[in-house]
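Trainee: input.txt (compact mmCIF, C-alpha atoms and all ligand atoms) pasted underneath:
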```txt
# COMPACT_ATOMS: atom_id res chain seq x y z
CA MET B 20 -35.41 -4.61 12.73
CA ILE B 21 -33.45 -6.31 15.53
CA THR B 22 -34.18 -9.65 17.12
CA ILE B 23 -35.50 -9.79 20.66
CA GLU B 24 -32.16 -11.32 21.75
CA GLN B 25 -30.25 -8.41 20.27
CA TRP B 26 -32.64 -5.99 21.89
CA ILE B 27 -32.31 -7.61 25.30
CA PHE B 28 -28.56 -7.71 24.86
CA ARG B 29 -28.39 -4.02 24.06
CA LYS B 30 -30.75 -3.13 26.86
CA HIS B 31 -29.05 -5.17 29.54
CA ASN B 32 -25.62 -5.64 28.12
CA LYS B 33 -25.63 -9.22 29.29
CA SER B 34 -23.95 -12.23 27.72
CA LEU B 35 -26.29 -14.25 25.55
CA ASN B 36 -24.49 -17.39 26.75
CA LYS B 37 -26.21 -17.26 30.12
CA VAL B 38 -29.18 -19.10 28.70
CA ASP B 39 -31.22 -19.78 31.85
CA GLU B 40 -30.93 -16.28 33.23
CA MET B 41 -31.64 -14.88 29.83
CA ASP B 42 -34.77 -16.97 29.37
CA ILE B 43 -36.32 -15.63 32.56
CA GLU B 44 -35.22 -12.11 31.77
CA LYS B 45 -36.46 -12.45 28.20
CA GLN B 46 -39.92 -13.54 29.33
CA LYS B 47 -40.19 -10.53 31.63
CA ILE B 48 -39.03 -8.12 28.97
CA ILE B 49 -41.19 -9.63 26.25
CA GLN B 50 -44.15 -9.26 28.58
CA SER B 51 -43.42 -5.67 29.47
CA ASP B 52 -42.60 -4.85 25.85
CA LYS B 53 -45.85 -6.38 24.64
CA MET B 54 -47.77 -4.30 27.16
CA MET B 55 -46.68 -1.43 24.97
CA ASN B 56 -48.21 -3.05 21.90
CA ASP B 57 -51.38 -1.07 21.13
CA THR B 58 -53.55 -4.11 20.49
CA LEU B 59 -52.63 -5.84 23.74
CA ASN B 60 -52.90 -2.60 25.64
CA THR B 61 -56.42 -2.04 24.34
CA ILE B 62 -57.46 -5.61 25.16
CA ILE B 63 -56.02 -5.44 28.65
CA SER B 64 -57.29 -1.98 29.53
CA ARG B 65 -60.86 -2.47 28.20
CA ARG B 66 -63.42 -2.53 31.01
CA SER B 67 -67.21 -2.69 30.94
CA VAL B 68 -68.78 0.72 31.38
CA ARG B 69 -72.48 1.07 32.11
CA MET B 70 -73.04 4.85 32.28
CA PHE B 71 -72.03 7.37 29.63
CA THR B 72 -71.69 11.11 29.07
CA ASP B 73 -73.90 13.00 26.58
CA LYS B 74 -71.07 13.18 24.03
CA GLN B 75 -72.13 11.68 20.70
CA VAL B 76 -70.28 8.89 18.90
CA CYS B 77 -69.38 10.25 15.45
CA ASP B 78 -70.53 8.35 12.36
CA GLU B 79 -66.96 7.57 11.35
CA ASP B 80 -66.19 5.88 14.68
CA LEU B 81 -69.46 4.00 14.56
CA ARG B 82 -68.60 2.70 11.09
CA LEU B 83 -65.12 1.64 12.21
CA ILE B 84 -66.58 -0.26 15.15
CA LEU B 85 -69.16 -2.03 12.98
CA ASP B 86 -66.51 -2.85 10.38
CA ALA B 87 -64.27 -4.35 13.08
CA ALA B 88 -67.18 -6.50 14.26
CA ASN B 89 -67.79 -7.60 10.68
CA HIS B 90 -64.15 -8.69 10.37
CA ALA B 91 -64.46 -11.33 13.10
CA PRO B 92 -63.83 -14.95 12.20
CA SER B 93 -67.01 -16.90 11.51
CA ALA B 94 -67.81 -20.59 11.25
CA HIS B 95 -67.80 -21.70 7.60
CA ASN B 96 -67.26 -18.02 6.82
CA GLN B 97 -71.03 -17.59 6.94
CA GLN B 98 -70.75 -14.18 8.68
CA SER B 99 -74.11 -15.06 10.15
CA TRP B 100 -74.64 -11.83 12.06
CA ARG B 101 -76.68 -8.67 11.85
CA PHE B 102 -75.94 -5.40 13.61
CA ILE B 103 -78.84 -3.12 14.38
CA VAL B 104 -77.94 0.45 15.33
CA LEU B 105 -80.29 2.31 17.64
CA ARG B 106 -80.12 5.97 18.52
CA GLU B 107 -82.49 8.47 20.08
CA THR B 108 -86.15 7.38 19.70
CA SER B 109 -85.56 3.71 18.83
CA LYS B 110 -82.94 3.42 21.56
CA ASN B 111 -85.18 5.03 24.19
CA GLU B 112 -88.09 2.83 23.13
CA LEU B 113 -85.91 -0.25 23.57
CA ALA B 114 -84.90 0.94 27.04
CA LYS B 115 -88.54 1.55 27.98
CA PHE B 116 -89.49 -1.89 26.66
CA VAL B 117 -86.72 -3.62 28.64
CA ASN B 118 -87.66 -1.72 31.79
CA SER B 119 -91.32 -2.71 31.44
CA LYS B 120 -90.36 -6.38 30.95
CA ALA B 121 -88.29 -6.35 34.15
CA ASN B 122 -91.54 -6.53 36.11
CA ASP B 123 -92.13 -10.06 34.77
CA PHE B 124 -88.99 -11.40 36.49
CA PRO B 125 -87.94 -11.98 40.09
CA ARG B 126 -84.77 -10.43 41.46
CA PRO B 127 -81.92 -10.38 40.56
CA SER B 128 -82.97 -10.74 36.88
CA SER B 129 -85.41 -7.82 37.20
CA THR B 130 -82.64 -5.65 38.68
CA LEU B 131 -80.25 -6.60 35.87
CA LEU B 132 -82.89 -5.79 33.25
CA ARG B 133 -83.53 -2.38 34.86
CA MET B 134 -79.78 -1.70 34.99
CA ALA B 135 -79.52 -2.67 31.32
CA SER B 136 -82.36 -0.29 30.52
CA ARG B 137 -80.54 2.55 32.28
CA SER B 138 -77.33 1.83 30.35
CA ILE B 139 -79.28 1.86 27.07
CA VAL B 140 -80.80 5.26 27.91
CA SER B 141 -77.44 6.62 29.02
CA ALA B 142 -75.50 5.63 25.87
CA PRO B 143 -75.65 7.82 22.75
CA VAL B 144 -75.69 4.72 20.55
CA VAL B 145 -76.65 1.11 21.08
CA ILE B 146 -75.76 -1.80 18.80
CA ALA B 147 -77.86 -4.94 18.92
CA VAL B 148 -76.42 -8.17 17.53
CA ALA B 149 -78.53 -10.99 16.14
CA ASN B 150 -77.62 -14.26 14.43
CA THR B 151 -79.21 -14.71 11.03
CA GLY B 152 -79.82 -18.45 11.24
CA LYS B 153 -78.16 -18.76 7.79
CA LEU B 154 -75.45 -21.13 9.00
CA ILE B 155 -78.01 -23.26 10.81
CA SER B 156 -80.13 -23.72 7.68
CA HIS B 157 -77.24 -24.20 5.21
CA GLY B 158 -75.21 -26.37 7.55
CA THR B 159 -78.04 -28.60 8.54
CA GLU B 160 -78.72 -29.33 4.85
CA LEU B 161 -74.99 -29.83 4.17
CA PHE B 162 -74.15 -32.17 7.06
CA LYS B 163 -75.60 -35.60 6.52
CA VAL B 164 -76.06 -36.20 10.23
CA ASP B 165 -79.04 -36.29 12.52
CA ARG B 166 -81.10 -33.09 12.12
CA ASP B 167 -81.19 -32.25 15.83
CA GLN B 168 -77.45 -32.83 16.18
CA ALA B 169 -76.72 -30.66 13.13
CA TYR B 170 -79.06 -27.95 14.38
CA ASP B 171 -77.39 -27.95 17.79
CA PHE B 172 -73.89 -27.90 16.25
CA PHE B 173 -74.55 -25.04 13.85
CA ARG B 174 -76.46 -23.02 16.43
CA VAL B 175 -73.40 -23.16 18.70
CA MET B 176 -71.20 -22.19 15.73
CA GLU B 177 -73.44 -19.18 15.03
CA ILE B 178 -73.37 -18.09 18.67
CA GLN B 179 -69.57 -18.43 18.81
CA SER B 180 -69.17 -16.47 15.57
CA SER B 181 -71.35 -13.63 16.82
CA ALA B 182 -69.57 -13.66 20.18
CA ALA B 183 -66.29 -13.10 18.28
CA ALA B 184 -67.95 -10.19 16.46
CA VAL B 185 -69.14 -8.70 19.76
CA GLU B 186 -65.66 -8.95 21.25
CA ASN B 187 -64.19 -7.23 18.15
CA LEU B 188 -66.79 -4.50 18.62
CA LEU B 189 -65.80 -3.99 22.28
CA ILE B 190 -62.09 -3.90 21.49
CA ALA B 191 -62.53 -1.57 18.52
CA SER B 192 -64.60 0.80 20.69
CA ALA B 193 -61.91 0.79 23.38
CA SER B 194 -59.22 1.46 20.77
CA LEU B 195 -61.08 4.64 19.77
CA GLY B 196 -61.37 5.88 23.35
CA LEU B 197 -64.98 4.74 23.60
CA SER B 198 -66.51 2.52 26.24
CA SER B 199 -69.14 -0.17 26.06
CA VAL B 200 -70.78 -3.06 27.85
CA TRP B 201 -71.96 -6.42 26.57
CA LEU B 202 -75.57 -6.77 27.77
CA GLY B 203 -76.53 -10.41 27.67
CA VAL B 204 -79.38 -10.19 30.15
CA LEU B 205 -81.79 -9.27 27.35
CA VAL B 206 -81.57 -12.93 26.29
CA LEU B 207 -84.24 -13.41 28.98
CA ILE B 208 -86.64 -11.61 26.65
CA LYS B 209 -84.91 -12.57 23.41
CA ASN B 210 -87.95 -13.24 21.23
CA GLU B 211 -89.66 -10.00 22.19
CA VAL B 212 -86.42 -8.08 21.57
CA LEU B 213 -86.11 -9.69 18.12
CA GLN B 214 -89.66 -8.60 17.33
CA PHE B 215 -88.77 -5.11 18.50
CA LEU B 216 -85.67 -5.12 16.27
CA GLN B 217 -87.73 -6.48 13.36
CA GLU B 218 -85.38 -9.45 13.01
CA PRO B 219 -87.82 -12.28 13.67
CA GLU B 220 -85.87 -14.90 11.66
CA GLY B 221 -82.68 -14.84 13.69
CA GLU B 222 -81.56 -15.43 17.25
CA PHE B 223 -80.89 -12.56 19.62
CA MET B 224 -77.30 -12.33 20.86
CA ALA B 225 -76.58 -9.12 22.76
CA VAL B 226 -77.07 -5.41 23.04
CA ILE B 227 -74.04 -3.16 23.37
CA PRO B 228 -74.40 0.44 24.51
CA VAL B 229 -71.42 2.50 23.27
CA GLY B 230 -70.30 5.96 24.31
CA TYR B 231 -67.87 7.97 26.38
CA ALA B 232 -67.50 6.71 29.95
CA ALA B 233 -69.16 8.86 32.62
CA GLN B 234 -66.62 7.38 35.02
CA GLN B 235 -63.48 5.36 34.46
CA ASN B 236 -63.81 1.73 35.52
CA PHE B 237 -60.62 -0.07 36.59
CA GLY B 238 -62.07 -3.32 37.94
CA PRO B 239 -62.74 -6.17 38.24
CA LYS B 240 -59.40 -7.91 38.68
CA LYS B 241 -58.79 -10.92 36.48
CA GLN B 242 -57.75 -14.32 37.79
CA PRO B 243 -54.03 -15.10 37.84
CA LEU B 244 -53.03 -17.23 34.87
CA ASP B 245 -51.70 -19.92 37.21
CA ALA B 246 -55.23 -20.56 38.41
CA ILE B 247 -56.76 -21.10 34.98
CA VAL B 248 -54.04 -22.37 32.65
CA LYS B 249 -52.89 -25.95 32.48
CA TYR B 250 -49.91 -26.91 30.32
CA MET B 251 -50.04 -30.50 29.11
C1 LIG B 301 -71.82 -13.00 27.58
C2 LIG B 301 -71.77 -11.78 28.46
C3 LIG B 301 -72.94 -11.27 28.96
C4 LIG B 301 -72.91 -10.12 29.76
N1 LIG B 301 -74.10 -9.60 30.20
C5 LIG B 301 -74.09 -8.50 30.98
C6 LIG B 301 -75.32 -7.91 31.40
O1 LIG B 301 -76.39 -8.36 31.07
N2 LIG B 301 -75.25 -6.82 32.18
C7 LIG B 301 -74.06 -6.24 32.55
O2 LIG B 301 -74.09 -5.23 33.24
N3 LIG B 301 -72.88 -6.77 32.16
C8 LIG B 301 -72.87 -7.86 31.37
N4 LIG B 301 -71.69 -8.39 30.92
C9 LIG B 301 -70.42 -7.73 31.29
C10 LIG B 301 -69.74 -8.48 32.42
O3 LIG B 301 -70.41 -8.22 33.62
C11 LIG B 301 -68.28 -8.00 32.50
O4 LIG B 301 -67.62 -8.31 31.29
C12 LIG B 301 -67.53 -8.67 33.64
O5 LIG B 301 -68.03 -8.24 34.88
C13 LIG B 301 -66.04 -8.39 33.60
O6 LIG B 301 -65.80 -7.00 33.63
P1 LIG B 301 -64.96 -6.28 32.46
O7 LIG B 301 -65.77 -6.41 31.19
O8 LIG B 301 -64.86 -4.85 32.92
O9 LIG B 301 -63.65 -6.96 32.35
C14 LIG B 301 -71.68 -9.51 30.11
C15 LIG B 301 -70.50 -10.04 29.59
C16 LIG B 301 -70.54 -11.15 28.76
C17 LIG B 301 -69.25 -11.69 28.17
```
Using structure tokens, write down the structure from this file.

Mentor:
Amino acid sequence: MITIEQWIFRKHNKSLNKVDEMDIEKQKIIQSDKMMNDTLNTIISRRSVRMFTDKQVCDEDLRLILDAANHAPSAHNQQSWRFIVLRETSKNELAKFVNSKANDFPRPSSTLLRMASRSIVSAPVVIAVANTGKLISHGTELFKVDRDQAYDFFRVMEIQSSAAAVENLLIASASLGLSSVWLGVLVLIKNEVLQFLQEPEGEFMAVIPVGYAAQQNFGPKKQPLDAIVKYM
């Protein structure tokens, strides 16, 4: 194992005494070197994909993806999430249900619901994520603060925990050569979807179709860091 300074030195054969020059050079090299780190590469190259080929997702990959989701951090370690796997009939029924509900909404929500329905049909497997409500009930009892405030706080904590699980799921899928998309638009019909999923106690989070991309997606471009980062 060599230090980054030694590595830069070997690569560029420059004097380590030239601190300023080296710092700039080091940043560039660290960045380009880290692009070769598998984790960062997967995170950076992941893109939402909405249409899939017929190729099935094998059970082993599905299990790895679900396990990665389950390893997300969670508020108070409550792991307050549920993953519901839909394939074939249940998946197609969900798609049909979402499509039928689109008629109840004006555009563009109706269009987004129909698009979501098409992605669900297209994917060989769909994973729905719901919060259990466990953290909300335990936490609200535990925290001796106003009930509404506690409810609001723990609901946000549950949503953030499940969002971390969803992101893990997307990244794990990408790492296995699979594609996916986070479908949040179903929140518009969240209670009906929960009934459909037979998870009436919880709160609906998202539906994620997973499969092999029908077409590679390279966009959209992300904002430059300068525009969104402030150093204080
Ligand atoms: C909370 C959340 C909800 C989303 N909901 C939808 C959705 O309902 N339909 C959809 O097509 N994409 C949805 N997306 C995917 C975004 O459109 C996508 O992440 C964004 O355009 C950036 O593209 P990228 O994922 O390829 O980087 C959602 C993403 C997030 C994080």

Trainee: So how far away is CA of Val226 in chain B from CA of Arg66 in chain B, in Å?

Mentor: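 Separation of CA of Arg66 in chain B and CA of Val226 in chain B: 16.1 Å.
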
Trainee: Measuring atom to atom with only C-alpha atoms and all ligand atoms, identify which of B:Ile190, B:Ala169, B:Val68, B:Val229 is nearest to ligand LIG 301 (chain B).

Mentor: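 The shortest atom-to-atom distance to ligand LIG 301 (chain B) comes from B:Val68.
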
Trainee: Let me see if you get this right: every residue at most 10 Å from ligand LIG 301 (chain B), counting only C-alpha atoms and all ligand atoms, written as an MDAnalysis selection string.

Mentor: chainID B and resid 62:69 128 130:136 138 182 185:186 189 199:207 224:227 236:241

Trainee: Between B:Asp73, B:Glu79, B:Glu112, B:Glu211, which has the minimum distance to Tyr231 in chain B (counting all atoms listed in the file)?

Mentor: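 Using all atoms listed in the file, the shortest distance to Tyr231 in chain B belongs to B:Asp73.
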
Trainee: Can you work out which one of B:Pro228, B:Asn56, B:Leu83, B:Ile208 has the shortest atom-to-atom distance to Asn111 in chain B, counting only C-alpha atoms?

Mentor: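 Of the candidates, the smallest distance to Asn111 in chain B is held by B:Pro228.
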
Trainee: In Å, with one decimal, what is the gap from CA of Leu154 in chain B to CA of Phe173 in chain B?

Mentor: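 Rounded to one decimal, the two atoms are 6.3 Å apart.
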
Trainee: Which protein, DNA or RNA residues are at most 8 Å from (-77.2, 8.0, 31.5) in the file's coordinates when you count only C-alpha atoms, listed as a ChimeraX atom specification?

Mentor: /B:70-73,137-142

Trainee: Would you list the contacts of Ala87 in chain B as a PyMOL selection string, taking every protein, DNA or RNA residue within 9 Å and counting all atoms listed in the file, but skipping same-chain residues closer than 5 positions in sequence?

Mentor: chain B and resi 82+184+187-188+190-191

Trainee: So how far away is CA of Asn150 in chain B from CA of Glu222 in chain B, in Å?

Mentor: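 A separation of 5.0 Å between them.
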
Trainee: Measuring atom to atom with all atoms listed in the file, identify which of B:Gln75, B:Gln179, B:Ser194, B:Gln217 is nearest to Glu107 in chain B.

Mentor: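 Between B:Gln75, B:Gln179, B:Ser194, B:Gln217, the residue approaching Glu107 in chain B most closely is B:Gln75.
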
Trainee: Kindly indicate which residue among B:Asp165, B:Lys209, B:Ser181, B:Ala232 lies nearest to Ala91 in chain B, using only C-alpha atoms for the distances.

Mentor: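 Looking at the shortest contact to Ala91 in chain B, the residue is B:Ser181.
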